[in-house]
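Scroll down for the structure; my scribbles are underneath it.
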There are 2 protein chains.
Amino acid sequence: MKDFEIFYPLRIVFGKEALKKFSQDLPLYGKRVLFLYGRGSIKSSGLYEKILNLFKKYKIKVKEYGGIKPNPPLSQVFEAISLAKKFRPKFILAVGGGSVIDAGKAIACGYYAQDRLWDFFEKKAIPIQALPLVAIPTIAGTGSEVNNVTVIVNEEKRIKLSLRSLLLFPRSSYLDPTLTFSVSKPYTAYGVMDALSHLFEYFHFRLHPEKGLPEDFLILLMKTLLREGKRAFDEPNNYSARSQIMWASALALSPFVRAGLGGYRFFLHSLEHPLSGAYDLPHGLGLSILMRAFLKRFGHHKVVRRFFLEVLEVPEGKDLARRGLKTFDSLLTYFELPRSLKACGLSREDLNFLIEKAWEILFIWKAEREFNKDIVKEIYEIAYEG
Amino acid sequence: MKDFEIFYPLRIVFGKEALKKFSQDLPLYGKRVLFLYGRGSIKSSGLYEKILNLFKKYKIKVKEYGGIKPNPPLSQVFEAISLAKKFRPKFILAVGGGSVIDAGKAIACGYYAQDRLWDFFEKKAIPIQALPLVAIPTIAGTGSEVNNVTVIVNEEKRIKLSLRSLLLFPRSSYLDPTLTFSVSKPYTAYGVMDALSHLFEYFHFRLHPEKGLPEDFLILLMKTLLREGKRAFDEPNNYSARSQIMWASALALSPFVRAGLGGYRFFLHSLEHPLSGAYDLPHGLGLSILMRAFLKRFGHHKVVRRFFLEVLEVPEGKDLARRGLKTFDSLLTYFELPRSLKACGLSREDLNFLIEKAWEILFIWKAEREFNKDIVKEIYEIAYEG
C-alpha cells in the first residue's frame, strides 16, 4: 500500500429519513440562504415546494438561483455570485445533480475571490475562504455531494476544468435514495457509467499498480455498480438498488477508495472534458464511449484483461480481448447507450479540436509526460467510429 | 441499505512517511504534552527516544506517564489525570497499542469530568469537553486510533465498559505499518483476531441482515485480514501484509464499514469483556476463543454457514458445520492460538462469575432482550472446554 492522508470534514446523512434530518438541521445553518437548483426536475417532483415551505416555517430568507445547466458554465456561476453579493447569504443550499452542487462549490469560493475565480481552476491561485455549502443530491453518480472538487466550463475559453480545495467540502450532504427514483433511464445509466469510470481510472491509471485491499475495494465497487445499475435501470423504484448505487458512487470519489492506491491520472476524464465542455454531451455518456474505445484499443493490456476477468467476469481463455469488449458492449446495449461519438451527432471535423483541448488539459494536470498525443488521437478516432 | 450518518472529524496519516509527517506537525499541537505509553516496547524499539528528541527540538515541555497496562485500569487513568491537572498539558500524545490510546481518550475527557468519569461509562452522564489527543499506534487490530470509543476496566467493580463520544476522536493519528514489524507472533495473531471479530459481530449480529454492498465490504475485509494475517505471521517485516492488516483493522471500526448495515450488537464482546476485565486475558485471544465457541454452537445457522462459505471459503456440500469449524480450527493452529479457556488457565469455577458479568454488560448495552442467559452460559461452557 502507498502512503496516504485522509481528512474528511463533512457530515453525510444517508437514507429514507435524510430529508427529515435536513428539516431538523435547517434552522441551525443560518437565516439567509442562496438556494440553487437545476432545470425543473425538483419542481415536478415536489421537492422544490417542500423546501420552500421549510424556509417559510423557519423564517429563513431565501434568494433563488435556478436553471443551472449540466456541465455548469462559468457565466452562471458569476451570475449567482452577483446575486449573492447583494443578498449576503449565510449559507448555500444546492439541490440537484452534480452540476448544481459543483456550481454551488464554485459560487461558495468565488464569493470571496474577487476576479480571480478562474485562476483557481487554472491553478494560478488557491481559494482561502468559502461560504458554507449544504447539498441534497437528486441523482447518483457524480459523487460531488461527498467530495471537495468542482468542475466548471469556461465557455469563452471552451474548456472544462476542475478545482479541489479543503474549503469545498459540503458541511452536510443529505443523500436520500428515494429522490433518485424519478431519474430517467438514460440519466440512471449515465450516472452508473460516470461512477464506474472513476473507479476504472483508479484501477487502470495508477502509477504503481499493486494487488491487495485497495484494489479489491475498487473491484467490489465496480461490480456493485454494474449489478445494481441494471436492477435500477429495470426497476426505477427499487430502493435496494438505488441506495447501493448512491453509496457506491459516493464512495467512488471518497478518500477511502483512494487510500493506499498511490498516484493516479484521470486520463479518460481529460478526454471527456472537451466533449461535455464544448459539445454539451452528458458527462457519463462521453465517459462511457471513451472507456469503450480504451478497452477496444488496449484489450490486450494486462490491467484491461483483469478488468474483463474480475469486474465483467468474462471467463478466462483465449481471445479474451474480443470477448471482453463484447461483454462491455452488451452492457451498453442493456443501458441503451450509443457506442460512438458519431452516433451522438459529432462529426469527424470535431476531432482535431478535441485532441488539442484534451492535450491542453493534460498539460494543466501536469500529466502530459505520461501520455502522448498519438494515443489521445487514437482513442478519439475509435470513440468516433465506435 | 439502512439509514446512517457519518461524521468523521479526524485526520489519518498512513504509511512509511507517517512519522516524518508527525514530526512536521508536532510544533503545531502546542508546547505542553502529556506523553502516554505502555510497558516498554517503544523503549526497546527506539521510538521513545526519537519522540523525546522531537520534544527537545521543538522545546515542548513533557510530562510522561508510561507503563499503561493492557486492558487499561481506571486507577491508571485517574493517576494520569492527577498528573495532568498539575501539569496542564495542551494536548495528549498516546503511543502504543489500543490500551494506551484508550487510556488517552479516557484521560482526555476525564480531565474535565471532576469525579464523574465512570458515570460516562455507565451511561449516567456524557462528556462535554476533552483535551486534544494525538495517536501513534504501534500494533494493528484495535482500531482505537481511528475511532471515538474507549474501553476501560474498573478494577473495584471488576467490570470493563466502553464509552463513545464525538469528543474522543483523535485529532490526528499517524499509522506507520513499519512500527508493527516488531510485534510478536502472538500479538500479531491477537490483533488479527480482534479485527476479524469486529467484522464478524457486524456480519452476524446485525438486526436486519441484507445482501449487498455493506455486507460485501465486511466479507472483503475479513478475507483480507485472514490472508494478510498469515503472511505477517510468517514474515513479520512484510510491508504489504502489515500495511493491509493495519488499514483493514482501522476500516473495521470506521463508520464506513458500518454504513448501511443498520443496528447491530457486539455480542461476543459482551462475553469477552469479563475475560480481559477480570482475568487479564489478551482481548484478541478471548475473542478468538469465544468466536470459535459460537461457530461450534451455531454451525448450522444461516449466517454462520455463509461465513464458512464466503469468508473461510469452505467448499459447499454436506456436513458444512463440521468442515467449517475444522477450517477455523486450522486457522487457530496456524496462529498457534489455544481453543479453550481451560488452556488459558481458567477453571470451571470461573464460569458463573463470567456469566453474571456478561449479563450485566448486556443490560448496560440494553441488549438483554435480544439474547438469553442460557445462550451466554452455553457459549462460555463450550469456550471453556474447547
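Please note that chains go A, B, ... in the order of the C-alpha cells, that every chain numbers its residues from 1, and that ligands are numbered from 1 in the order shown.
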
Open item on the list: Near chain A, meaning an atom within 8 Å, which residues of chain B appear when counting only C-alpha atoms? Write them as a list in words.
Closed with: Met1, Lys2, Asp3, Phe4, Glu5, Ile6, Phe7, Tyr8, Pro9, Leu10, Arg11, Ile12, Val13, Phe14, Gly15, Lys16, Glu17, Ala18, Gly212, Leu213, Asp216, Phe217, Leu220, Leu221, Thr224, Ser240, Ser243, Gln244 and Ala248 of chain B

Selected residues written out, C-alpha atoms, as a PDB file, in the first residue's frame:
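Written out: again_18.pdb:
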```
ATOM      1  CA  MET B   1     -29.349  -0.442   2.908  1.00  0.00           C
ATOM      2  CA  LYS B   2     -30.291   1.030   6.267  1.00  0.00           C
ATOM      3  CA  ASP B   3     -30.135   4.734   7.091  1.00  0.00           C
ATOM      4  CA  PHE B   4     -26.893   6.031   8.536  1.00  0.00           C
ATOM      5  CA  GLU B   5     -24.985   9.160   9.380  1.00  0.00           C
ATOM      6  CA  ILE B   6     -21.244   9.701   9.114  1.00  0.00           C
ATOM      7  CA  PHE B   7     -19.184  12.404  10.723  1.00  0.00           C
ATOM      8  CA  TYR B   8     -15.517  11.560  10.886  1.00  0.00           C
ATOM      9  CA  PRO B   9     -13.567  14.555  12.106  1.00  0.00           C
ATOM     10  CA  LEU B  10     -10.090  13.137  12.402  1.00  0.00           C
ATOM     11  CA  ARG B  11      -7.027  13.214  10.229  1.00  0.00           C
ATOM     12  CA  ILE B  12      -5.414   9.918   9.290  1.00  0.00           C
ATOM     13  CA  VAL B  13      -1.810   9.908   8.127  1.00  0.00           C
ATOM     14  CA  PHE B  14      -0.837   6.481   6.863  1.00  0.00           C
ATOM     15  CA  GLY B  15       2.367   4.961   5.559  1.00  0.00           C
ATOM     16  CA  LYS B  16       6.118   4.792   5.713  1.00  0.00           C
ATOM     17  CA  GLU B  17       6.371   8.563   5.954  1.00  0.00           C
ATOM     18  CA  ALA B  18       3.763   8.924   8.704  1.00  0.00           C
ATOM     19  CA  GLY B 212     -25.389  -6.144  -0.970  1.00  0.00           C
ATOM     20  CA  LEU B 213     -22.536  -3.669  -0.765  1.00  0.00           C
ATOM     21  CA  ASP B 216     -19.723  -7.490   0.707  1.00  0.00           C
ATOM     22  CA  PHE B 217     -17.416  -4.904   2.218  1.00  0.00           C
ATOM     23  CA  LEU B 220     -13.742  -8.360   1.726  1.00  0.00           C
ATOM     24  CA  LEU B 221     -12.151  -7.020   4.908  1.00  0.00           C
ATOM     25  CA  THR B 224      -8.047  -9.557   3.629  1.00  0.00           C
ATOM     26  CA  SER B 240       2.445  -5.205   2.143  1.00  0.00           C
ATOM     27  CA  SER B 243       0.007  -2.285   5.912  1.00  0.00           C
ATOM     28  CA  GLN B 244      -3.086  -4.143   4.733  1.00  0.00           C
ATOM     29  CA  ALA B 248      -8.239  -3.271   7.326  1.00  0.00           C
TER      30      ALA B 248
END
```

Task: For region 342-359 of chain A: contacts at 12 Å, only C-alpha atoms, fewer than 3 positions along chain excluded, given as a ChimeraX atom specification - done: /A:157-161,266-282,285-286,289,337-339,362-386

Task: All helix (DSSP H, G or I) residues (DSSP, backbone) inside region 23-132 of chain B, as number ranges by chain - done: B: 23-29, 41-44, 47-57, 74-87, 98-110, 117-121

Task: Test item, strand (DSSP E or B) assignment across region 137-333 of chain B, answer as a list in words - done: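 Secondary structure check on region 137-333 of chain B, strand (DSSP E or B): Pro137, Val149, Thr150, Val151, Ile152, Val153, Asn154, Ile159, Lys160, Leu161, Ser162, Leu163, Arg164, Ser172, Ser173, Tyr174, Leu175, Arg206 and Tyr264 of chain B.
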
Please write the residues from the selection above to a file, keeping C-alpha atoms, as a tab-separated table (two decimals), in the first residue's frame.
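So result.tsv came out as:
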```tsv
chain	number	residue	atom	x	y	z
B	137	PRO	CA	-0.43	3.11	17.17
B	149	VAL	CA	-14.50	4.70	21.58
B	150	THR	CA	-12.54	3.89	24.72
B	151	VAL	CA	-12.76	0.71	26.80
B	152	ILE	CA	-11.61	0.80	30.43
B	153	VAL	CA	-11.50	-1.72	33.27
B	154	ASN	CA	-12.92	-0.71	36.63
B	159	ILE	CA	-16.05	-4.74	35.02
B	160	LYS	CA	-14.85	-3.50	31.63
B	161	LEU	CA	-17.04	-0.92	29.90
B	162	SER	CA	-16.87	1.25	26.81
B	163	LEU	CA	-17.59	4.89	26.11
B	164	ARG	CA	-18.32	6.53	22.75
B	172	SER	CA	-4.65	13.15	14.11
B	173	SER	CA	-3.50	9.55	14.01
B	174	TYR	CA	-0.21	8.56	12.45
B	175	LEU	CA	-0.32	4.96	11.23
B	206	ARG	CA	-26.99	-7.25	12.53
B	264	TYR	CA	-26.00	-4.45	15.46
```

TODO: Excluding region 119-132 of chain A and any residue of its chain fewer than 3 positions from it, enumerate the residues within 8 Å of it, using only C-alpha atoms, and give them as a list in words.
DONE: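 Selected residues are Lys90, Phe91, Ile92, Ala108, Cys109, Gly110, Tyr111, Tyr112, Ala113, Arg116, Leu161, Ser162, Leu163, Ser165, Leu167, Leu168, Pro170, Arg171 and Ile364 of chain A.
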
Please save C-alpha atoms of the selected residues as a PDB file, in the first residue's frame.
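What follows is the written file selection_13.pdb:
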```
ATOM      1  CA  LYS A  90     -25.205  32.786   5.478  1.00  0.00           C
ATOM      2  CA  PHE A  91     -25.020  29.560   3.506  1.00  0.00           C
ATOM      3  CA  ILE A  92     -25.700  27.959   0.135  1.00  0.00           C
ATOM      4  CA  ALA A 108     -19.033  29.382  -2.446  1.00  0.00           C
ATOM      5  CA  CYS A 109     -15.365  30.174  -3.039  1.00  0.00           C
ATOM      6  CA  GLY A 110     -15.994  32.615  -5.895  1.00  0.00           C
ATOM      7  CA  TYR A 111     -17.975  34.758  -3.451  1.00  0.00           C
ATOM      8  CA  TYR A 112     -14.683  35.751  -1.800  1.00  0.00           C
ATOM      9  CA  ALA A 113     -12.453  35.525  -4.875  1.00  0.00           C
ATOM     10  CA  ARG A 116      -9.631  35.542  -9.505  1.00  0.00           C
ATOM     11  CA  LEU A 161     -11.513  22.422 -15.634  1.00  0.00           C
ATOM     12  CA  SER A 162     -11.643  21.152 -12.076  1.00  0.00           C
ATOM     13  CA  LEU A 163     -10.728  22.641  -8.719  1.00  0.00           C
ATOM     14  CA  SER A 165      -9.808  22.528  -2.085  1.00  0.00           C
ATOM     15  CA  LEU A 167     -12.830  24.557   1.617  1.00  0.00           C
ATOM     16  CA  LEU A 168     -15.115  22.911  -0.921  1.00  0.00           C
ATOM     17  CA  PRO A 170     -20.149  20.484   1.818  1.00  0.00           C
ATOM     18  CA  ARG A 171     -20.831  20.991   5.546  1.00  0.00           C
ATOM     19  CA  ILE A 364      -2.698  21.728 -16.843  1.00  0.00           C
TER      20      ILE A 364
END
```

Please list as an mmCIF file with C-alpha atoms, in the first residue's frame every residue within 7 Å of Asp102 (chain A), counting only C-alpha atoms and excluding residues in the same chain fewer than 3 positions away.
```cif
data_model
loop_
_atom_site.group_PDB
_atom_site.id
_atom_site.type_symbol
_atom_site.label_atom_id
_atom_site.label_comp_id
_atom_site.auth_asym_id
_atom_site.auth_seq_id
_atom_site.Cartn_x
_atom_site.Cartn_y
_atom_site.Cartn_z
ATOM 1 C CA GLY A 98 -23.559 17.055 -9.774
ATOM 2 C CA SER A 99 -23.766 20.229 -11.854
ATOM 3 C CA LYS A 105 -18.877 24.966 -4.692
ATOM 4 C CA ALA A 106 -17.615 27.418 -7.310
ATOM 5 C CA SER A 144 -19.805 15.764 -5.896
ATOM 6 C CA THR A 150 -15.869 21.221 -8.588
ATOM 7 C CA VAL A 151 -15.786 21.080 -12.383
#
```
